[in-house]
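Data block for structure02.txt (compact mmCIF, C-alpha atoms):
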```txt
# COMPACT_ATOMS: atom_id res chain seq x y z
CA MET Z 7 137.08 246.53 122.15
CA SER Z 8 139.70 248.23 124.16
CA LYS Z 9 143.33 248.77 123.16
CA PHE Z 10 144.51 246.35 125.84
CA ALA Z 11 142.33 243.59 124.39
CA TYR Z 12 143.83 244.20 120.94
CA PHE Z 13 147.34 243.95 122.39
CA LEU Z 14 146.60 240.63 124.10
CA LEU Z 15 145.14 239.23 120.90
CA PHE Z 16 148.21 240.27 118.85
CA ALA Z 17 150.64 238.83 121.41
CA SER Z 18 148.76 235.53 121.45
CA PHE Z 19 148.93 235.37 117.65
CA LEU Z 20 152.72 235.88 117.64
CA ALA Z 21 153.23 233.20 120.31
CA LEU Z 22 151.18 230.78 118.24
CA ILE Z 23 153.34 231.45 115.16
CA VAL Z 24 156.60 230.91 117.08
CA VAL Z 25 155.44 227.62 118.59
CA ALA Z 26 154.12 226.29 115.30
CA GLY Z 27 157.25 227.25 113.24
CA ALA Z 28 159.95 225.89 115.55
CA PRO Z 29 159.96 222.35 114.04
CA ILE Z 30 160.12 223.80 110.56
CA ILE Z 31 163.12 225.99 111.38
CA SER Z 32 164.91 223.14 113.14
CA ARG Z 33 164.46 220.78 110.14
CA ALA Z 34 165.60 223.39 107.61
CA SER Z 35 168.74 224.53 109.46
CA PRO Z 36 172.07 222.69 108.61
CA PRO Z 37 173.57 220.26 111.15
CA MET Z 38 176.32 221.43 113.45
CA PRO Z 39 179.87 220.68 112.14
CA SER Z 40 181.85 217.86 113.78
CA MET Z 41 184.79 218.89 115.99
CA ILE Z 42 186.90 215.80 115.04
CA LEU Z 43 189.77 217.13 112.88
CA ARG Z 44 191.70 213.86 112.34
CA SER Z 45 191.52 212.45 108.80
CA LYS Z 46 190.16 208.97 108.34
CA LEU Z 47 192.58 208.37 105.41
CA LYS Z 48 195.81 206.46 105.97
CA ALA Z 49 199.14 208.19 105.20
CA ASP Z 50 200.78 207.00 101.98
CA TYR Z 51 204.29 208.23 101.17
CA GLY Z 52 204.75 206.18 98.03
CA SER Z 53 206.20 207.76 94.94
CA GLU Z 54 204.13 205.98 92.28
CA TYR Z 55 201.29 208.48 92.54
CA VAL Z 56 203.65 211.41 92.21
CA GLU Z 57 205.05 209.95 89.03
CA ALA Z 58 201.57 209.46 87.64
CA LEU Z 59 200.83 213.15 88.16
CA LEU Z 60 203.85 214.34 86.18
CA SER Z 61 202.99 215.14 82.59
CA PRO Z 62 205.53 214.83 79.78
CA LEU Z 63 207.34 218.02 78.87
CA ARG Z 64 207.35 219.09 75.24
CA VAL Z 65 210.50 220.99 74.39
CA SER Z 66 208.71 222.42 71.38
CA LEU Z 67 206.84 224.74 73.76
CA VAL Z 68 210.10 226.58 74.40
CA SER Z 69 210.73 226.79 70.66
CA GLU Z 70 207.29 228.29 70.08
CA VAL Z 71 207.90 230.93 72.76
CA TYR Z 72 211.17 232.02 71.15
CA HIS Z 73 209.62 231.81 67.68
CA ASP Z 74 207.00 234.34 68.79
CA GLN Z 75 209.85 236.64 69.86
CA ALA Z 76 211.36 236.61 66.35
CA VAL Z 77 214.45 234.61 67.36
CA SER Z 78 216.38 233.01 64.50
CA VAL Z 79 216.04 229.30 63.72
CA GLU Z 80 219.71 228.64 64.55
CA GLU Z 81 219.41 230.26 67.98
CA ILE Z 82 216.19 228.32 68.74
CA ALA Z 83 217.94 225.03 67.82
CA ALA Z 84 220.86 225.89 70.10
CA ILE Z 85 218.47 226.68 72.99
CA GLU Z 86 216.63 223.36 72.46
CA ASN Z 87 219.90 221.38 72.50
CA ASN Z 88 221.09 223.12 75.69
CA LEU Z 89 217.72 222.48 77.38
CA ILE Z 90 217.75 218.78 76.40
CA ASP Z 91 221.31 218.39 77.72
CA MET Z 92 220.36 220.01 81.04
CA LEU Z 93 217.25 217.79 81.37
CA LYS Z 94 219.42 214.70 80.85
CA SER Z 95 221.84 215.68 83.61
CA PRO Z 96 221.00 213.90 86.89
CA VAL Z 97 220.67 215.83 90.16
CA PRO Z 98 221.28 214.02 93.48
CA THR Z 99 218.35 213.96 95.92
CA ALA Z 100 218.53 214.25 99.69
CA THR Z 101 215.70 211.85 100.58
CA ALA Z 102 215.82 208.07 100.39
CA ARG Z 103 213.28 206.02 98.52
CA ASP Z 104 212.36 203.89 101.53
CA PHE Z 105 213.77 202.62 104.82
CA GLU Z 106 215.17 199.41 103.31
CA GLY Z 107 218.35 201.03 101.95
CA SER Z 108 217.23 201.43 98.33
CA LEU Z 109 218.92 204.13 96.30
CA PRO Z 110 216.95 207.39 96.12
CA HIS Z 111 215.30 208.60 92.96
CA THR Z 112 217.42 210.94 90.90
CA ALA Z 113 215.68 214.12 89.88
CA THR Z 114 216.51 215.95 86.69
CA THR Z 115 217.20 219.62 86.61
CA THR Z 116 214.86 221.90 84.72
CA VAL Z 117 215.76 225.34 83.56
CA THR Z 118 213.15 228.00 83.17
CA ILE Z 119 214.17 230.32 80.39
CA THR Z 120 212.82 233.77 80.99
CA PRO Z 121 212.24 235.63 77.73
CA THR Z 122 213.83 238.99 77.62
CA SER Z 123 211.66 241.92 76.75
CA THR Z 124 212.83 244.28 74.06
CA SER Z 125 212.37 247.85 75.13
CA THR Z 126 210.94 250.19 72.49
CA SER Z 127 212.51 253.57 72.52
CA SER Z 128 210.04 256.40 72.50
CA PRO Z 129 210.69 259.28 70.13
CA THR Z 130 212.17 262.30 71.78
CA SER Z 131 210.81 265.71 71.01
CA THR Z 132 213.22 268.16 69.51
CA SER Z 133 212.93 271.58 71.02
CA THR Z 134 212.96 274.41 68.58
CA SER Z 135 214.45 277.71 69.65
CA THR Z 136 213.38 280.95 68.14
CA PRO Z 137 216.41 283.09 67.40
CA LEU Z 138 216.38 286.47 69.09
CA PRO Z 139 216.62 289.53 66.87
CA THR Z 140 220.17 290.70 66.46
CA ARG Z 141 221.21 294.30 66.39
CA THR Z 142 222.34 295.54 63.00
CA ALA Z 143 225.79 297.03 63.27
CA THR Z 144 226.17 300.51 61.88
CA ARG Z 145 228.91 301.25 59.43
CA THR Z 146 231.84 303.14 60.83
CA ILE Z 147 234.22 305.07 58.64
CA THR Z 148 237.85 304.14 59.36
CA LYS Z 149 241.01 305.40 57.77
CA PRO Z 150 242.64 303.03 55.30
CA PRO Z 151 245.69 301.23 56.67
CA PRO Z 152 249.06 302.50 55.57
CA GLU Z 153 250.64 300.82 52.63
CA PRO Z 154 253.17 298.19 53.70
CA THR Z 155 256.76 299.02 53.08
CA LYS Z 156 258.56 296.82 50.66
CA LYS Z 157 260.94 294.44 52.40
CA PRO Z 158 264.25 293.63 50.81
CA GLY Z 159 264.37 290.25 49.23
CA THR Z 160 265.96 287.44 51.24
CA PRO Z 161 268.96 286.04 49.40
CA THR Z 162 268.78 282.37 48.68
CA ILE Z 163 271.68 280.15 49.61
CA SER Z 164 272.48 277.35 47.23
CA LEU Z 165 273.95 274.28 48.87
CA THR Z 166 277.12 272.93 47.40
CA PRO Z 167 276.99 269.14 47.19
CA SER Z 168 279.48 267.42 49.45
CA ASP Z 169 282.20 265.26 48.08
CA THR Z 170 281.10 261.71 47.45
CA PRO Z 171 283.20 259.36 49.58
CA THR Z 172 285.36 257.04 47.63
CA PRO Z 173 284.36 253.43 48.29
CA THR Z 174 287.02 251.44 50.07
CA LYS Z 175 288.52 248.49 48.36
CA SER Z 176 287.08 245.22 49.71
CA PRO Z 177 289.74 242.83 50.94
CA THR Z 178 290.59 239.91 48.76
CA PRO Z 179 289.22 236.68 50.30
CA ILE Z 180 291.82 234.24 51.58
CA ILE Z 181 291.71 230.88 49.85
CA ASP Z 182 293.33 228.29 52.14
CA ILE Z 183 293.95 225.08 50.20
CA ALA Z 184 297.01 223.57 51.93
CA ASP Z 185 297.04 221.09 54.82
CA PRO Z 186 298.90 221.98 58.02
CA VAL Z 187 302.27 220.38 58.72
CA VAL Z 188 303.57 218.95 62.07
CA HIS Z 189 307.27 218.91 63.07
CA LEU Z 190 308.67 216.91 65.98
CA ASN Z 191 311.10 219.15 67.84
CA ARG Z 192 312.21 217.24 70.95
CA LEU Z 193 311.52 214.17 73.12
CA ARG Z 194 312.20 214.31 76.86
CA GLY Z 195 311.94 211.58 79.45
CA GLY Z 196 312.28 211.97 83.19
CA GLN Z 197 311.58 210.30 86.50
CA ASP Z 198 308.42 211.12 88.41
CA GLY Z 199 309.00 209.28 91.70
CA SER Z 200 308.93 205.58 90.98
CA GLU Z 201 307.30 206.21 87.60
CA CYS Z 202 308.33 208.00 84.40
CA ARG Z 203 307.17 211.13 82.59
CA LEU Z 204 307.29 211.79 78.81
CA THR Z 205 307.31 215.29 77.26
CA ILE Z 206 306.95 215.99 73.51
CA ASP Z 207 307.69 219.38 71.91
CA PHE Z 208 306.37 219.88 68.38
CA GLY Z 209 305.61 222.65 65.90
CA VAL Z 210 302.73 223.30 63.52
CA GLU Z 211 302.82 225.24 60.23
CA ASP Z 212 299.95 226.20 57.92
CA PRO Z 213 301.32 227.46 54.57
CA ALA Z 214 300.15 230.74 53.09
CA PRO Z 215 297.52 231.68 52.18
CA SER Z 216 296.28 230.53 55.56
CA LEU Z 217 293.15 231.16 57.61
CA GLY Z 218 295.05 230.18 60.75
CA VAL Z 219 294.67 227.43 63.34
CA GLU Z 220 292.77 227.52 66.63
CA ASP Z 221 294.72 226.21 69.63
CA SER Z 222 291.75 223.98 70.54
CA LYS Z 223 292.12 222.25 67.15
CA VAL Z 224 295.63 220.97 68.04
CA VAL Z 225 295.42 217.60 69.88
CA LEU Z 226 298.16 215.29 71.24
CA LYS Z 227 297.18 211.63 71.73
CA PHE Z 228 299.07 208.73 73.37
CA GLU Z 229 298.32 204.99 73.23
CA TYR Z 230 299.67 203.43 76.40
CA PRO Z 231 300.76 200.68 76.59
CA ASN Z 232 301.41 200.37 72.88
CA GLY Z 233 298.74 198.22 71.16
CA SER Z 234 296.39 198.19 74.19
CA GLY Z 235 293.75 200.51 72.70
CA ASN Z 236 293.91 202.74 75.79
CA TYR Z 237 294.26 206.41 74.72
CA LEU Z 238 295.45 209.40 76.74
CA TYR Z 239 294.98 213.09 75.81
CA PRO Z 240 297.40 215.32 77.75
CA SER Z 241 296.82 219.07 77.89
CA LEU Z 242 299.05 221.32 75.73
CA THR Z 243 300.86 224.57 76.33
CA GLY Z 244 301.95 227.10 73.68
CA GLY Z 245 300.19 228.63 70.68
CA GLY Z 246 300.72 230.19 67.25
CA ASP Z 247 300.02 233.17 64.98
CA TRP Z 248 300.58 234.48 61.46
CA GLN Z 249 304.11 235.49 60.53
CA GLY Z 250 302.78 238.75 59.08
CA VAL Z 251 299.31 240.06 58.29
CA PRO Z 252 296.39 237.64 58.49
CA GLY Z 253 296.50 235.30 55.54
CA THR Z 254 300.25 234.79 55.53
CA LYS Z 255 302.04 231.71 56.85
CA TRP Z 256 300.80 230.55 60.29
CA VAL Z 257 303.33 229.02 62.74
CA GLY Z 258 302.73 227.53 66.19
CA SER Z 259 304.76 225.78 68.91
CA TYR Z 260 303.27 223.34 71.46
CA SER Z 261 304.38 221.03 74.28
CA GLY Z 262 302.58 218.15 76.05
CA SER Z 263 303.57 215.88 78.97
CA GLN Z 264 302.27 212.52 80.18
CA SER Z 265 303.19 211.11 83.61
CA GLY Z 266 302.48 207.80 85.32
CA LEU Z 267 304.44 205.71 82.81
CA SER Z 268 306.24 202.52 83.79
CA PRO Z 269 309.92 201.91 82.99
CA ASP Z 270 310.68 199.41 80.24
CA SER Z 271 307.40 200.10 78.42
CA GLU Z 272 306.33 201.35 75.00
CA ILE Z 273 304.02 204.25 74.08
CA THR Z 274 302.73 205.59 70.73
CA ALA Z 275 302.22 209.31 70.05
CA TRP Z 276 300.04 211.13 67.46
CA VAL Z 277 299.35 214.79 66.73
CA ARG Z 278 296.12 215.82 64.99
CA VAL Z 279 295.72 219.38 63.62
CA THR Z 280 292.68 220.97 61.89
CA ASP Z 281 293.05 224.47 60.40
CA ASN Z 282 290.25 227.04 60.09
CA ALA Z 283 289.67 226.03 56.46
CA GLY Z 284 288.76 222.49 57.58
CA HIS Z 285 291.94 220.78 56.43
CA PHE Z 286 293.33 218.30 58.95
CA VAL Z 287 296.37 216.07 59.34
CA SER Z 288 297.24 213.21 61.67
CA ALA Z 289 301.02 213.19 62.03
CA LEU Z 290 303.85 211.51 63.94
CA GLY Z 291 302.43 208.12 64.87
CA ILE Z 292 305.79 207.23 66.37
CA VAL Z 293 306.50 204.41 68.84
CA LEU Z 294 308.64 205.41 71.84
CA GLU Z 295 310.43 203.10 74.27
CA ILE Z 296 310.73 204.12 77.91
CA ASP Z 297 313.91 202.44 79.28
CA SER Z 298 314.68 201.58 82.89
CA SER Z 299 316.08 205.11 83.45
CA CYS Z 300 312.88 206.74 82.05
CA ASN Z 301 314.65 207.88 78.87
CA ALA Z 302 312.36 208.20 75.79
CA LEU Z 303 313.91 206.32 72.83
CA ARG Z 304 312.35 206.46 69.37
CA GLN Z 305 312.15 203.14 67.62
```

Can the structure from this file be put into structure tokens for me?
Amino acid sequence: MSKFAYFLLFASFLALIVVAGAPIISRASPPMPSMILRSKLKADYGSEYVEALLSPLRVSLVSEVYHDQAVSVEEIAAIENNLIDMLKSPVPTATARDFEGSLPHTATTTVTITPTSTSTSSPTSTSTSTPLPTRTATRTITKPPPEPTKKPGTPTISLTPSDTPTPTKSPTPIIDIADPVVHLNRLRGGQDGSECRLTIDFGVEDPAPSLGVEDSKVVLKFEYPNGSGNYLYPSLTGGGDWQGVPGTKWVGSYSGSQSGLSPDSEITAWVRVTDNAGHFVSALGIVLEIDSSCNALRQ
């Protein structure tokens, strides 16, 4: 048989195999995928399934993590308490629960505590240095230094103690035991337009030994009209001082005037004095009559 006949026989055999195996290949091959990409499931935006997927959180997991890191029991308890407090704190949400106006769910904040890694320091190598050989110094012969000359001794100066100051004699304290005394010197009445004016001149003495009297502690008081309970306190002029050194007799002279008085009226006058030792006196207490000519007459 010729080579051409062999070729025709082999080609016929291959064609027969292809035709006979086509159904088998078509049945074994997978079906073509569908081009429809839309899901047949309906959309469901409810929240009940989401809640069912959330598993409860055990805080003890955090404690176990820190326990593995060799954290103390007190620190682990503090971390647990802080985590529980943060989980209880509500966090506002931005989405509504539904379209009916219901309040949205409130999410709780969670804090992820990242354990800190403790770095282990690697030992550092200490470099050793080999000392270089040093040159040995040769001995040199030097002349001995000259002997030091003897210096003359420095004379010592002895300090003479200074005179001790004589303590000064402390002054004898002044013991003021007497009350001050008030003297009425003069009464003067005068016209002040259609009204009258009354002037009283008086003196104050504080017997020795005296601590003196402050001018502000000398007060003149009037009751006008007499028996009305209405009191007037005119300002005073004058002053006083000791008759010698402080502690001796203290003498003062004062004057006070009151205007706006009506003719044919009565007025009562007092003088109150308090010395620097705290002794006080209320003196005078005299009733004066202002006549129609504004003269001051003592009753």

Separation of atom CA of Gln197 of chain Z from atom CA of Gly258 of chain Z in Å | 28.1 Å

Between atom CA of Thr280 of chain Z and atom CA of Tyr230 of chain Z, what is the spacing in Å?
-> 23.8 Å

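Taking atom CA of Pro213 of chain Z as the reference point, atom CA of Leu290 of chain Z is found at 18.7 Å.
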
Fewer than 5 positions away in the same chain doesn't count, so skip those; otherwise give me all residues within 12 Å of Thr243 of chain Z, counting all atoms listed in the file, as a PDB file with C-alpha atoms, keeping the file's coordinate frame.
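Output below, filename around-v1.pdb:
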```
ATOM      1  CA  THR Z 205     307.310 215.290  77.260  1.00  0.00           C
ATOM      2  CA  ILE Z 206     306.950 215.990  73.510  1.00  0.00           C
ATOM      3  CA  ASP Z 207     307.690 219.380  71.910  1.00  0.00           C
ATOM      4  CA  PHE Z 208     306.370 219.880  68.380  1.00  0.00           C
ATOM      5  CA  GLY Z 209     305.610 222.650  65.900  1.00  0.00           C
ATOM      6  CA  ASP Z 221     294.720 226.210  69.630  1.00  0.00           C
ATOM      7  CA  SER Z 222     291.750 223.980  70.540  1.00  0.00           C
ATOM      8  CA  VAL Z 224     295.630 220.970  68.040  1.00  0.00           C
ATOM      9  CA  VAL Z 225     295.420 217.600  69.880  1.00  0.00           C
ATOM     10  CA  LEU Z 226     298.160 215.290  71.240  1.00  0.00           C
ATOM     11  CA  GLY Z 258     302.730 227.530  66.190  1.00  0.00           C
ATOM     12  CA  SER Z 259     304.760 225.780  68.910  1.00  0.00           C
ATOM     13  CA  TYR Z 260     303.270 223.340  71.460  1.00  0.00           C
ATOM     14  CA  SER Z 261     304.380 221.030  74.280  1.00  0.00           C
ATOM     15  CA  GLY Z 262     302.580 218.150  76.050  1.00  0.00           C
ATOM     16  CA  SER Z 263     303.570 215.880  78.970  1.00  0.00           C
TER      17      SER Z 263
END
```

Which residues come within 7 Å of Asp212 of chain Z, counting only C-alpha atoms, excluding same-chain residues fewer than 5 positions away, as a PyMOL selection string?
-> chain Z and resi 185-187+218+255-257

Pick out the residues sitting within 9 Å of Ser69 of chain Z, and hand them over as a ChimeraX atom specification; count all atoms listed in the file, and ignore anything fewer than 4 positions along from it in its own chain.
-> /Z:65,73-74,82-83,85-86

Put those residues in a file: C-alpha atoms, as a PDB file, keeping the file's coordinate frame.
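In the end it all went to part_24.pdb:
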```pdb
ATOM      1  CA  VAL Z  65     210.500 220.990  74.390  1.00  0.00           C
ATOM      2  CA  HIS Z  73     209.620 231.810  67.680  1.00  0.00           C
ATOM      3  CA  ASP Z  74     207.000 234.340  68.790  1.00  0.00           C
ATOM      4  CA  ILE Z  82     216.190 228.320  68.740  1.00  0.00           C
ATOM      5  CA  ALA Z  83     217.940 225.030  67.820  1.00  0.00           C
ATOM      6  CA  ILE Z  85     218.470 226.680  72.990  1.00  0.00           C
ATOM      7  CA  GLU Z  86     216.630 223.360  72.460  1.00  0.00           C
TER       8      GLU Z  86
END
```

Residues at most 10 Å from Gln305 of chain Z, counting only C-alpha atoms, excluding those fewer than 3 positions away in the same chain, as a list in words?
->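 The residues satisfying every condition are Glu272, Ile292, Val293, Leu294, Glu295 and Ala302 of chain Z.
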